[in-house]
Structure formats: structure tokens, C-alpha cells
Amino acid sequence: MGYQVKKARRATLLIRNAGQLLTLRDEKQIGPRTGENLSNLGIIENGAVASLGASILAVGTLEEIERSAIIDKTTRIIDAQGKVVTPGFVDPHTHPVFAATREEEFELRVKGASYQEIAASGGGIRNSVRRFRKTSNDQLMRNARRVLDRMLCYGTTTIEAKSGYGLSPEDEVRSLQIIKDLNENHPIDLVPTFLGAHEVPDEYRDNRQEYIRILTEEMIPRVAEGDLAEFCDVFCEEGVFNIEESRRILSTAKAYGLKLKLHADELSPFGGAELAAELGATSADHLVAISETGIDKMKAAGVIAVLLPGTTFSLGYDKYAPARRMIKAGLPIALATDCNPGSSMTENMQMILSLASTQMRMTAAEGFCAATINSAYATDRGEEVGSLEPNKLADLVIWDTENYKEIPYHYGVNLVKTVIKRGRVVYG
Ligand code: NIG
Ligand code: FE
């Protein structure tokens, strides 16, 4: 009988001495984690990770690693000194390409105005659109780069990135082009989403049907044919795009081969979750006001719920998405920043874990699952990132703590020590 010797490969990087190595690997559940499995972190005590170039070669104890990878003097060795090591965060809902922040609107809300009142009087998204159109590509790129640099040093290594502040064929393409350039030139990987249906721009306020025609007949075909986005999203909410309009826009996008996402049921139980299920969306996001039927239908259709507690927090509201009810129902949930200048100006996923714990009663383990492996699936990157396993990308964070439970608990500070993206140290 013949035998095969599996040739061990030489590691370019070894991280050793991780007091808690959160692999997020779970043999019991492939795909997004649900229910009790949302707490399975696949922790290896005193663990190590070896990588070759951009990819992980081996994960385990040092002895296990040495059986499957060659560690020699060419290998860069990082001693984690007993600290926590995790996959990089995947932030599955962000709006990083904008012209200016909107702190003046934040202050209006502090003084009592609501998000909808500000939007109805011409502020909100339309305020950002007016400024976007007057801003050069170079300036937009500098702004977005600043956002991404911050995300990286807070431990995020992959994001979903939406257009949606251009709202004309040229300006939306400009936004998606910036996302594409950043994906090629910034360490963070970006998954592009077309959000031309973020709002009806000023010039079509009296003729929204014409804007929807432009979306479906001009913008979506152009985005799909130019391979400028992987997902299409719609702000499906009272006063923005209704269910019928959202269905029309998203069905068109689907016919053009785009995967789907929805801003759904943020302010009222509007039927966005049900629509996400009907259309087979990858995720429905926000869901603060989701109905019980919405939860059931999303679960049956395999739609991931992306929860954005930073938005509720920054808008100064007190009603958060019903995470516990969703977990109990077996719905897969993910967490994101919703980083945007209007309703959630943060790049920091650690803060999102803190809010998930205090406001939605999610444990640190559930938060980590939701912000890594499940958010990877929410961006259709579940086979590439979100857990530490051979052949996935070597995207890791070394933390300045010995217990992962400190991360949501010790809030408002940055506990990241080192960030590794595709096998290279990019921060710390
Ligand atoms: O996710 N909801 C729509 N989009 C953002 C808000 C964008 C803005 O106000 O600029 C959100 O909350
Ligand atoms: Fe959003």
C-alpha cells in the first residue's frame, strides 16, 4: 500500500503564546451561528497561528502547529505574551464615503429634534448628498481613508461599504469607484454595496417615480455591468422607500445578479424583514421594530439580521433591536457600526460590543461571534474570513488583555495592541 507524506509548508509568520486564542471555529455548525452555538468561540488556551503569505497555514497549540508547518529562522515570530488573539472584526454595514461630518444635526437632536424632522426639513441624507456632489474625488478619498485607518486600529479588517451619498448616476459611480480604489490600496478589504436608493434626492422630490426609473433602468444596469458592486441595498422605511418601491428596486438588482441587503424596520414595523425573506436577501439590517412574523420569515429564508446598536445610541433613542428574542428564535445575528455621518459616527466595533452587552443583553461570546464569523457571512465572506482556520485569510488582532470578556466591559477605549491583515502587521 502506498503512502503519502503531506509536505509541511514553511510559515512566514507565527503568532505564539496566545493566552486565549479565539478561533471561532465550530464543528457543530457550519455557516452562520445561531442559538446556543452563538456562544462557541472555539477557544484554544496557549494557542498559536501560523500563516504563509496572506493565508492561515495552521491553528492550534505550538506542538500541533509544528507538526503541520515549518517554523525556521525565516519565520517572523510574534509573542502574544499570554494575551487574547482573535480574528479581525468584520463590519458588515458601513457608509464610509462622505464629504463631511454632521455634528450640527447631532446637536439639534440633543436639543430635541428627531432624525425624521431633520430629514424632512432638507437635512439628513440630502444634506450629505449636496455636499458630496461639490466635493472632489481626492477629498472624498482622503476622508474615507481616515475612516478606514481608524477602523483598522480598532481591530476591523474587512468591511461592507455602501455608496448612497451621490444619488445621481455619475455621483454613485464616483462613490463606488472610491470604494474600489480603497479596496486595492488600503489594508482593509471592502465589499461594495450600491445604495442609490438611500433617499430621493432634492431634484426628484416632486417626481419620485422618475428617480426610481433612473435607479432601475440606468443606475442598476450600469453598476452591475461595470462590476462596481456586489450588493444592492435600499433604505426601506416610512418616508423613504416604501415596500412596493423597495421590492421593485431590489428585484431589478437581483435580476442583474446583485445580492441583496435592506435597511429594514428601523423606526416602525414596516414589513422590511418580510420583504428581505421574500426576496432571499443576504441580510436585513437595523430591525429595531421587527415584527414576530418578520423574525419567523427571516429565519425560514436564511436571512441574517445585522444589528446596529450604535445607531440607536447615537440617535439618543432607548429602543434597541430585540437581540434576545432573535437568538431564542434561532435567527443568525451579526453586529455592525453603521458608520455614517448622520446616525452613527463611529468606526469602533469594540464600542458596538459594549452596547450589544448593556443594551441588548448579549454576552461577550455572542458579541464576538456576531462581529466576526456571522458578520463574515452577512457580507458573503464566510468562507474567507471571520474565523481562524487553515486557508482562511490571516486577519488577526492581538489584544491588550488576557480575557476576551474585558473587551465589551472596558468600554470607550481601544484595547487593540496589534492588527495583522493578510499575514502582515498593519497596526501596532
Ligand atoms: O443606516 N438609514 C439609512 N442610512 C443611515 C443614515 C445615513 C445618514 O443619516 O446619513 C443609517 O442609519
Ligand atoms: Fe446604514
# chains A, B, ... in the order shown; residues from 1 in each chain; ligands from 1
call {"tool": "residues_near_ligand", "arguments": {"ligand": "ligand 2", "cutoff": "8 Å", "atoms": "only C-alpha atoms and all ligand atoms", "output": "ChimeraX atom specification"}}
result
/A:93-95,235,263,285-286,338-340
call {"tool": "write_last_selection", "arguments": {"atoms": "N, CA, C and O atoms", "output": "tab-separated table (two decimals), in the first residue's frame"}}
result
chain	number	residue	atom	x	y	z
A	93	HIS	N	-21.77	46.62	7.82
A	93	HIS	CA	-22.70	47.69	7.42
A	93	HIS	C	-22.03	49.03	7.70
A	93	HIS	O	-21.99	49.48	8.85
A	94	THR	N	-21.49	49.66	6.65
A	94	THR	CA	-20.86	50.97	6.83
A	94	THR	C	-21.14	51.87	5.62
A	94	THR	O	-21.38	51.40	4.53
A	95	HIS	N	-21.09	53.17	5.88
A	95	HIS	CA	-21.25	54.19	4.82
A	95	HIS	C	-20.01	55.10	4.89
A	95	HIS	O	-20.11	56.22	5.40
A	235	PHE	N	-32.97	51.83	1.53
A	235	PHE	CA	-33.45	52.34	2.81
A	235	PHE	C	-34.97	52.22	2.77
A	235	PHE	O	-35.67	53.10	2.26
A	263	HIS	N	-32.08	48.17	4.56
A	263	HIS	CA	-32.25	48.90	5.81
A	263	HIS	C	-33.72	48.70	6.15
A	263	HIS	O	-34.59	49.24	5.46
A	285	ASP	N	-31.05	44.74	7.89
A	285	ASP	CA	-30.26	45.47	8.88
A	285	ASP	C	-31.11	46.48	9.65
A	285	ASP	O	-32.10	46.97	9.12
A	286	HIS	N	-30.72	46.78	10.87
A	286	HIS	CA	-31.43	47.64	11.85
A	286	HIS	C	-32.43	46.78	12.64
A	286	HIS	O	-32.11	46.34	13.73
A	338	ASP	N	-22.59	50.61	11.42
A	338	ASP	CA	-23.40	51.54	10.62
A	338	ASP	C	-22.65	52.86	10.45
A	338	ASP	O	-23.27	53.92	10.27
A	339	CYS	N	-21.32	52.82	10.54
A	339	CYS	CA	-20.51	54.05	10.48
A	339	CYS	C	-21.00	54.98	9.37
A	339	CYS	O	-20.91	54.67	8.19
A	340	ASN	N	-21.55	56.13	9.75
A	340	ASN	CA	-22.03	57.13	8.79
A	340	ASN	C	-22.15	58.47	9.51
A	340	ASN	O	-22.27	58.51	10.73
call {"tool": "residues_near_ligand", "arguments": {"ligand": "ligand 1", "cutoff": "9 Å", "atoms": "only C-alpha atoms and all ligand atoms", "output": "ChimeraX atom specification"}}
result
/A:93-95,98,102,115,119,123-129,164-165,198-199,234-237,263-264,266,285-286,308,311-312,338-344
call {"tool": "write_last_selection", "arguments": {"atoms": "N, CA, C and O atoms", "output": "CSV table (one decimal), in the first residue's frame"}}
result
chain,number,residue,atom,x,y,z
A,93,HIS,N,-21.8,46.6,7.8
A,93,HIS,CA,-22.7,47.7,7.4
A,93,HIS,C,-22.0,49.0,7.7
A,93,HIS,O,-22.0,49.5,8.8
A,94,THR,N,-21.5,49.7,6.7
A,94,THR,CA,-20.9,51.0,6.8
A,94,THR,C,-21.1,51.9,5.6
A,94,THR,O,-21.4,51.4,4.5
A,95,HIS,N,-21.1,53.2,5.9
A,95,HIS,CA,-21.3,54.2,4.8
A,95,HIS,C,-20.0,55.1,4.9
A,95,HIS,O,-20.1,56.2,5.4
A,98,PHE,N,-18.1,59.9,2.5
A,98,PHE,CA,-18.9,61.1,2.6
A,98,PHE,C,-18.0,62.3,2.6
A,98,PHE,O,-16.8,62.2,2.9
A,102,ARG,N,-21.6,65.5,10.3
A,102,ARG,CA,-22.9,66.3,10.6
A,102,ARG,C,-23.1,66.6,12.0
A,102,ARG,O,-24.2,66.3,12.5
A,115,TYR,N,-34.6,62.6,14.2
A,115,TYR,CA,-33.9,62.3,12.9
A,115,TYR,C,-34.8,62.6,11.7
A,115,TYR,O,-34.4,63.2,10.7
A,119,ALA,N,-34.5,65.3,8.6
A,119,ALA,CA,-34.5,64.8,7.2
A,119,ALA,C,-35.6,65.5,6.4
A,119,ALA,O,-35.4,66.0,5.3
A,123,GLY,N,-32.4,68.3,5.8
A,123,GLY,CA,-31.1,67.9,6.3
A,123,GLY,C,-31.0,66.4,6.1
A,123,GLY,O,-31.5,65.8,5.1
A,124,GLY,N,-30.2,65.8,7.0
A,124,GLY,CA,-30.1,64.3,6.9
A,124,GLY,C,-29.3,63.9,5.7
A,124,GLY,O,-28.3,64.5,5.3
A,125,ILE,N,-29.7,62.8,5.0
A,125,ILE,CA,-29.0,62.3,3.9
A,125,ILE,C,-28.9,63.3,2.8
A,125,ILE,O,-27.8,63.4,2.2
A,126,ARG,N,-29.9,64.1,2.6
A,126,ARG,CA,-29.9,65.1,1.5
A,126,ARG,C,-28.8,66.1,1.7
A,126,ARG,O,-28.2,66.7,0.8
A,127,ASN,N,-28.6,66.5,3.0
A,127,ASN,CA,-27.6,67.4,3.3
A,127,ASN,C,-26.2,66.8,2.9
A,127,ASN,O,-25.4,67.5,2.2
A,128,SER,N,-26.0,65.5,3.2
A,128,SER,CA,-24.7,64.9,2.8
A,128,SER,C,-24.6,64.8,1.3
A,128,SER,O,-23.5,64.9,0.7
A,129,VAL,N,-25.8,64.6,0.6
A,129,VAL,CA,-25.7,64.5,-0.9
A,129,VAL,C,-25.3,65.8,-1.5
A,129,VAL,O,-24.4,65.8,-2.4
A,164,GLY,N,-24.2,55.9,-1.7
A,164,GLY,CA,-25.5,56.3,-1.2
A,164,GLY,C,-25.5,57.8,-0.8
A,164,GLY,O,-26.6,58.3,-0.3
A,165,TYR,N,-24.4,58.5,-1.1
A,165,TYR,CA,-24.5,60.0,-0.8
A,165,TYR,C,-24.3,60.8,-2.1
A,165,TYR,O,-24.1,62.0,-2.1
A,198,HIS,N,-30.9,55.3,-1.2
A,198,HIS,CA,-30.7,55.7,0.2
A,198,HIS,C,-31.8,56.8,0.5
A,198,HIS,O,-32.2,56.9,1.7
A,199,GLU,N,-32.2,57.6,-0.5
A,199,GLU,CA,-33.1,58.7,-0.3
A,199,GLU,C,-33.5,59.2,-1.7
A,199,GLU,O,-32.8,58.8,-2.7
A,234,VAL,N,-31.4,49.0,0.0
A,234,VAL,CA,-32.5,50.1,-0.1
A,234,VAL,C,-32.8,50.5,1.3
A,234,VAL,O,-32.9,49.7,2.2
A,235,PHE,N,-33.0,51.8,1.5
A,235,PHE,CA,-33.5,52.3,2.8
A,235,PHE,C,-35.0,52.2,2.8
A,235,PHE,O,-35.7,53.1,2.3
A,236,CYS,N,-35.5,51.1,3.3
A,236,CYS,CA,-36.9,50.8,3.2
A,236,CYS,C,-37.5,51.2,4.5
A,236,CYS,O,-37.3,50.5,5.5
A,237,GLU,N,-38.2,52.4,4.5
A,237,GLU,CA,-38.7,52.9,5.8
A,237,GLU,C,-39.7,54.0,5.4
A,237,GLU,O,-39.7,54.6,4.3
A,263,HIS,N,-32.1,48.2,4.6
A,263,HIS,CA,-32.2,48.9,5.8
A,263,HIS,C,-33.7,48.7,6.2
A,263,HIS,O,-34.6,49.2,5.5
A,264,ALA,N,-34.0,47.9,7.2
A,264,ALA,CA,-35.4,47.5,7.4
A,264,ALA,C,-35.9,47.7,8.8
A,264,ALA,O,-35.2,47.4,9.8
A,266,GLU,N,-36.4,50.0,10.9
A,266,GLU,CA,-35.6,50.7,11.9
A,266,GLU,C,-36.5,51.5,12.8
A,266,GLU,O,-36.3,51.5,14.1
A,285,ASP,N,-31.0,44.7,7.9
A,285,ASP,CA,-30.3,45.5,8.9
A,285,ASP,C,-31.1,46.5,9.7
A,285,ASP,O,-32.1,47.0,9.1
A,286,HIS,N,-30.7,46.8,10.9
A,286,HIS,CA,-31.4,47.6,11.8
A,286,HIS,C,-32.4,46.8,12.6
A,286,HIS,O,-32.1,46.3,13.7
A,308,LEU,N,-27.5,47.1,14.7
A,308,LEU,CA,-26.7,48.3,14.7
A,308,LEU,C,-27.0,49.2,16.0
A,308,LEU,O,-27.6,50.2,15.9
A,311,THR,N,-26.4,53.0,16.3
A,311,THR,CA,-27.3,54.0,15.7
A,311,THR,C,-28.4,54.4,16.7
A,311,THR,O,-28.6,55.6,16.9
A,312,THR,N,-28.9,53.4,17.4
A,312,THR,CA,-29.9,53.7,18.4
A,312,THR,C,-29.2,54.6,19.5
A,312,THR,O,-29.8,55.6,19.9
A,338,ASP,N,-22.6,50.6,11.4
A,338,ASP,CA,-23.4,51.5,10.6
A,338,ASP,C,-22.7,52.9,10.5
A,338,ASP,O,-23.3,53.9,10.3
A,339,CYS,N,-21.3,52.8,10.5
A,339,CYS,CA,-20.5,54.0,10.5
A,339,CYS,C,-21.0,55.0,9.4
A,339,CYS,O,-20.9,54.7,8.2
A,340,ASN,N,-21.5,56.1,9.8
A,340,ASN,CA,-22.0,57.1,8.8
A,340,ASN,C,-22.2,58.5,9.5
A,340,ASN,O,-22.3,58.5,10.7
A,341,PRO,N,-22.1,59.6,8.7
A,341,PRO,CA,-22.1,60.9,9.4
A,341,PRO,C,-23.4,61.3,10.0
A,341,PRO,O,-23.4,62.3,10.8
A,342,GLY,N,-24.5,60.6,9.7
A,342,GLY,CA,-25.8,61.1,10.1
A,342,GLY,C,-26.2,60.4,11.4
A,342,GLY,O,-26.6,61.1,12.4
A,343,SER,N,-26.2,59.1,11.5
A,343,SER,CA,-26.9,58.4,12.6
A,343,SER,C,-25.9,57.6,13.4
A,343,SER,O,-26.4,57.1,14.5
A,344,SER,N,-24.7,57.4,13.0
A,344,SER,CA,-23.8,56.6,13.9
A,344,SER,C,-22.3,56.9,13.5
A,344,SER,O,-21.7,56.1,12.7
call {"tool": "residues_around", "arguments": {"residues": "A:Leu22", "least_positions_apart": "5", "cutoff": "10 Å", "atoms": "only C-alpha atoms", "output": "list in words"}}
result
Asn40, Leu41, Gly42, Ile43, Ile44, Glu45, Gly47, Val84, Val85, Thr86, Pro87, Ala365, Phe368, Cys369, Ser387, Leu388 and Tyr404 of chain A
call {"tool": "write_last_selection", "arguments": {"atoms": "N, CA and C atoms", "output": "compact mmCIF listing (two decimals), in the first residue's frame"}}
result
# COMPACT_ATOMS: atom_id res chain seq x y z
N ASN A 40 -20.18 29.76 20.97
CA ASN A 40 -19.00 28.90 20.78
C ASN A 40 -17.86 29.67 20.13
N LEU A 41 -16.82 29.92 20.93
CA LEU A 41 -15.71 30.71 20.40
C LEU A 41 -14.55 29.84 19.93
N GLY A 42 -14.61 28.55 20.18
CA GLY A 42 -13.51 27.67 19.78
C GLY A 42 -12.19 28.12 20.40
N ILE A 43 -12.20 28.30 21.73
CA ILE A 43 -11.01 28.86 22.39
C ILE A 43 -9.92 27.81 22.56
N ILE A 44 -8.70 28.16 22.18
CA ILE A 44 -7.54 27.32 22.45
C ILE A 44 -6.68 28.08 23.47
N GLU A 45 -6.43 27.45 24.60
CA GLU A 45 -5.57 28.11 25.58
C GLU A 45 -4.13 27.88 25.21
N GLY A 47 -2.55 29.14 22.62
CA GLY A 47 -2.63 28.78 21.21
C GLY A 47 -1.64 29.52 20.33
N VAL A 84 -5.02 37.88 24.59
CA VAL A 84 -6.09 37.36 23.74
C VAL A 84 -5.74 37.60 22.27
N VAL A 85 -6.01 36.60 21.43
CA VAL A 85 -5.87 36.75 19.97
C VAL A 85 -7.19 36.31 19.33
N THR A 86 -7.69 37.13 18.41
CA THR A 86 -8.98 36.83 17.76
C THR A 86 -8.87 37.09 16.25
N PRO A 87 -9.87 36.66 15.49
CA PRO A 87 -9.92 37.13 14.09
C PRO A 87 -10.19 38.63 14.10
N ALA A 365 -19.18 36.56 24.41
CA ALA A 365 -19.00 35.48 23.43
C ALA A 365 -19.97 35.66 22.26
N PHE A 368 -18.76 38.51 20.06
CA PHE A 368 -17.63 38.15 19.19
C PHE A 368 -18.07 37.32 18.00
N CYS A 369 -18.95 36.35 18.24
CA CYS A 369 -19.46 35.55 17.12
C CYS A 369 -20.18 36.44 16.11
N SER A 387 -13.10 33.62 11.00
CA SER A 387 -12.62 32.62 11.96
C SER A 387 -11.18 32.29 11.60
N LEU A 388 -10.49 31.67 12.55
CA LEU A 388 -9.08 31.31 12.32
C LEU A 388 -9.02 29.83 11.97
N TYR A 404 -10.99 37.78 27.03
CA TYR A 404 -11.81 38.43 25.99
C TYR A 404 -13.03 39.12 26.59
call {"tool": "closest_residue", "arguments": {"among": "A:Leu108, A:Ile214, A:Ile220, A:Ala11", "to": "A:Ser68", "atoms": "only C-alpha atoms"}}
result
A:Ala11
call {"tool": "atom_distance", "arguments": {"atom1": "atom CA of A:Ala371", "atom2": "atom CA of A:Pro390"}}
result
19.9 Å
call {"tool": "select_by_dssp", "arguments": {"residues": "stretch 212-421 of chain A", "states": "strand (DSSP E or B)", "output": "ChimeraX atom specification"}}
result
/A:231-236,241,259-264,283-286,304-307,333-335,339-340,344,393,396-399,416-421
call {"tool": "residues_around", "arguments": {"residues": "A:Pro309", "least_positions_apart": "4", "cutoff": "7 Å", "atoms": "only C-alpha atoms", "output": "PyMOL selection string"}}
result
chain A and resi 313+320+352+355-356
call {"tool": "residues_around", "arguments": {"residues": "stretch 138-141 of chain A", "least_positions_apart": "5", "cutoff": "12 Å", "atoms": "only C-alpha atoms", "output": "MDAnalysis selection string"}}
result
chainID A and resid 96:101 128 131:133 146:149 163 165:166 171 174:183 185:186
call {"tool": "closest_residue", "arguments": {"among": "A:Cys153, A:Met298, A:Val306, A:Ala255", "to": "A:Val426", "atoms": "only C-alpha atoms"}}
result
A:Cys153
call {"tool": "select_by_dssp", "arguments": {"residues": "stretch 187-387 of chain A", "states": "helix (DSSP H, G or I)", "output": "count of residues only"}}
result
92
call {"tool": "residues_around", "arguments": {"residues": "stretch 372-376 of chain A", "least_positions_apart": "5", "cutoff": "6 Å", "atoms": "only C-alpha atoms", "output": "VMD selection string"}}
result
chain A and resid 32 89 to 90 92 334 381 to 382 386 to 387
call {"tool": "closest_residue", "arguments": {"among": "A:Lys28, A:Lys83, A:Arg222, A:Arg10", "to": "A:Trp399", "atoms": "only C-alpha atoms"}}
result
A:Lys83
call {"tool": "closest_residue", "arguments": {"among": "A:Thr193, A:Asn391, A:Thr358, A:Gln116", "to": "A:Val223", "atoms": "only C-alpha atoms"}}
result
A:Thr193
call {"tool": "residues_around", "arguments": {"residues": "A:Thr282", "least_positions_apart": "2", "cutoff": "8 Å", "atoms": "only C-alpha atoms", "output": "PyMOL selection string"}}
result
chain A and resi 259-261+280+284+302-304+378-380
call {"tool": "write_last_selection", "arguments": {"atoms": "N, CA and C atoms", "output": "PDB file, in the first residue's frame"}}
result
ATOM      1  N   LYS A 259     -26.459  40.701  -5.093  1.00  0.00           N
ATOM      2  CA  LYS A 259     -27.038  40.150  -3.865  1.00  0.00           C
ATOM      3  C   LYS A 259     -27.708  41.307  -3.109  1.00  0.00           C
ATOM      4  N   LEU A 260     -28.562  40.949  -2.162  1.00  0.00           N
ATOM      5  CA  LEU A 260     -29.417  41.990  -1.585  1.00  0.00           C
ATOM      6  C   LEU A 260     -29.229  42.204  -0.084  1.00  0.00           C
ATOM      7  N   LYS A 261     -29.420  43.470   0.290  1.00  0.00           N
ATOM      8  CA  LYS A 261     -29.465  43.894   1.692  1.00  0.00           C
ATOM      9  C   LYS A 261     -30.573  44.923   1.828  1.00  0.00           C
ATOM     10  N   GLY A 280     -35.107  36.722  -0.639  1.00  0.00           N
ATOM     11  CA  GLY A 280     -33.885  35.938  -0.401  1.00  0.00           C
ATOM     12  C   GLY A 280     -32.671  36.823  -0.196  1.00  0.00           C
ATOM     13  N   ALA A 284     -30.889  41.580   6.466  1.00  0.00           N
ATOM     14  CA  ALA A 284     -31.739  42.741   6.708  1.00  0.00           C
ATOM     15  C   ALA A 284     -31.147  43.407   7.943  1.00  0.00           C
ATOM     16  N   GLY A 302     -33.394  32.097   5.821  1.00  0.00           N
ATOM     17  CA  GLY A 302     -31.937  32.154   5.997  1.00  0.00           C
ATOM     18  C   GLY A 302     -31.355  33.548   5.833  1.00  0.00           C
ATOM     19  N   VAL A 303     -32.127  34.581   6.188  1.00  0.00           N
ATOM     20  CA  VAL A 303     -31.618  35.957   6.108  1.00  0.00           C
ATOM     21  C   VAL A 303     -30.925  36.299   7.433  1.00  0.00           C
ATOM     22  N   ILE A 304     -29.747  36.885   7.368  1.00  0.00           N
ATOM     23  CA  ILE A 304     -29.027  37.262   8.589  1.00  0.00           C
ATOM     24  C   ILE A 304     -29.510  38.633   9.073  1.00  0.00           C
ATOM     25  N   ALA A 378     -22.620  37.649   6.684  1.00  0.00           N
ATOM     26  CA  ALA A 378     -23.529  38.730   6.274  1.00  0.00           C
ATOM     27  C   ALA A 378     -22.976  39.519   5.086  1.00  0.00           C
ATOM     28  N   THR A 379     -21.658  39.405   4.823  1.00  0.00           N
ATOM     29  CA  THR A 379     -21.066  40.059   3.648  1.00  0.00           C
ATOM     30  C   THR A 379     -20.674  39.021   2.599  1.00  0.00           C
ATOM     31  N   ASP A 380     -21.176  37.806   2.774  1.00  0.00           N
ATOM     32  CA  ASP A 380     -20.838  36.691   1.874  1.00  0.00           C
ATOM     33  C   ASP A 380     -19.331  36.424   1.829  1.00  0.00           C
TER      34      ASP A 380
END
call {"tool": "atom_distance", "arguments": {"atom1": "atom CA of A:Lys417", "atom2": "atom CA of A:Gly82"}}
result
12.6 Å
call {"tool": "closest_residue", "arguments": {"among": "A:Val385, A:Asp206, A:Pro192, A:Pro322", "to": "A:Asp227", "atoms": "only C-alpha atoms"}}
result
A:Pro192
call {"tool": "atom_distance", "arguments": {"atom1": "atom CA of A:Arg325", "atom2": "atom CA of A:Ser354"}}
result
18.8 Å
call {"tool": "closest_residue", "arguments": {"among": "A:Phe194, A:Tyr256, A:Phe106, A:Tyr204", "to": "A:Cys232", "atoms": "only C-alpha atoms"}}
result
A:Phe194
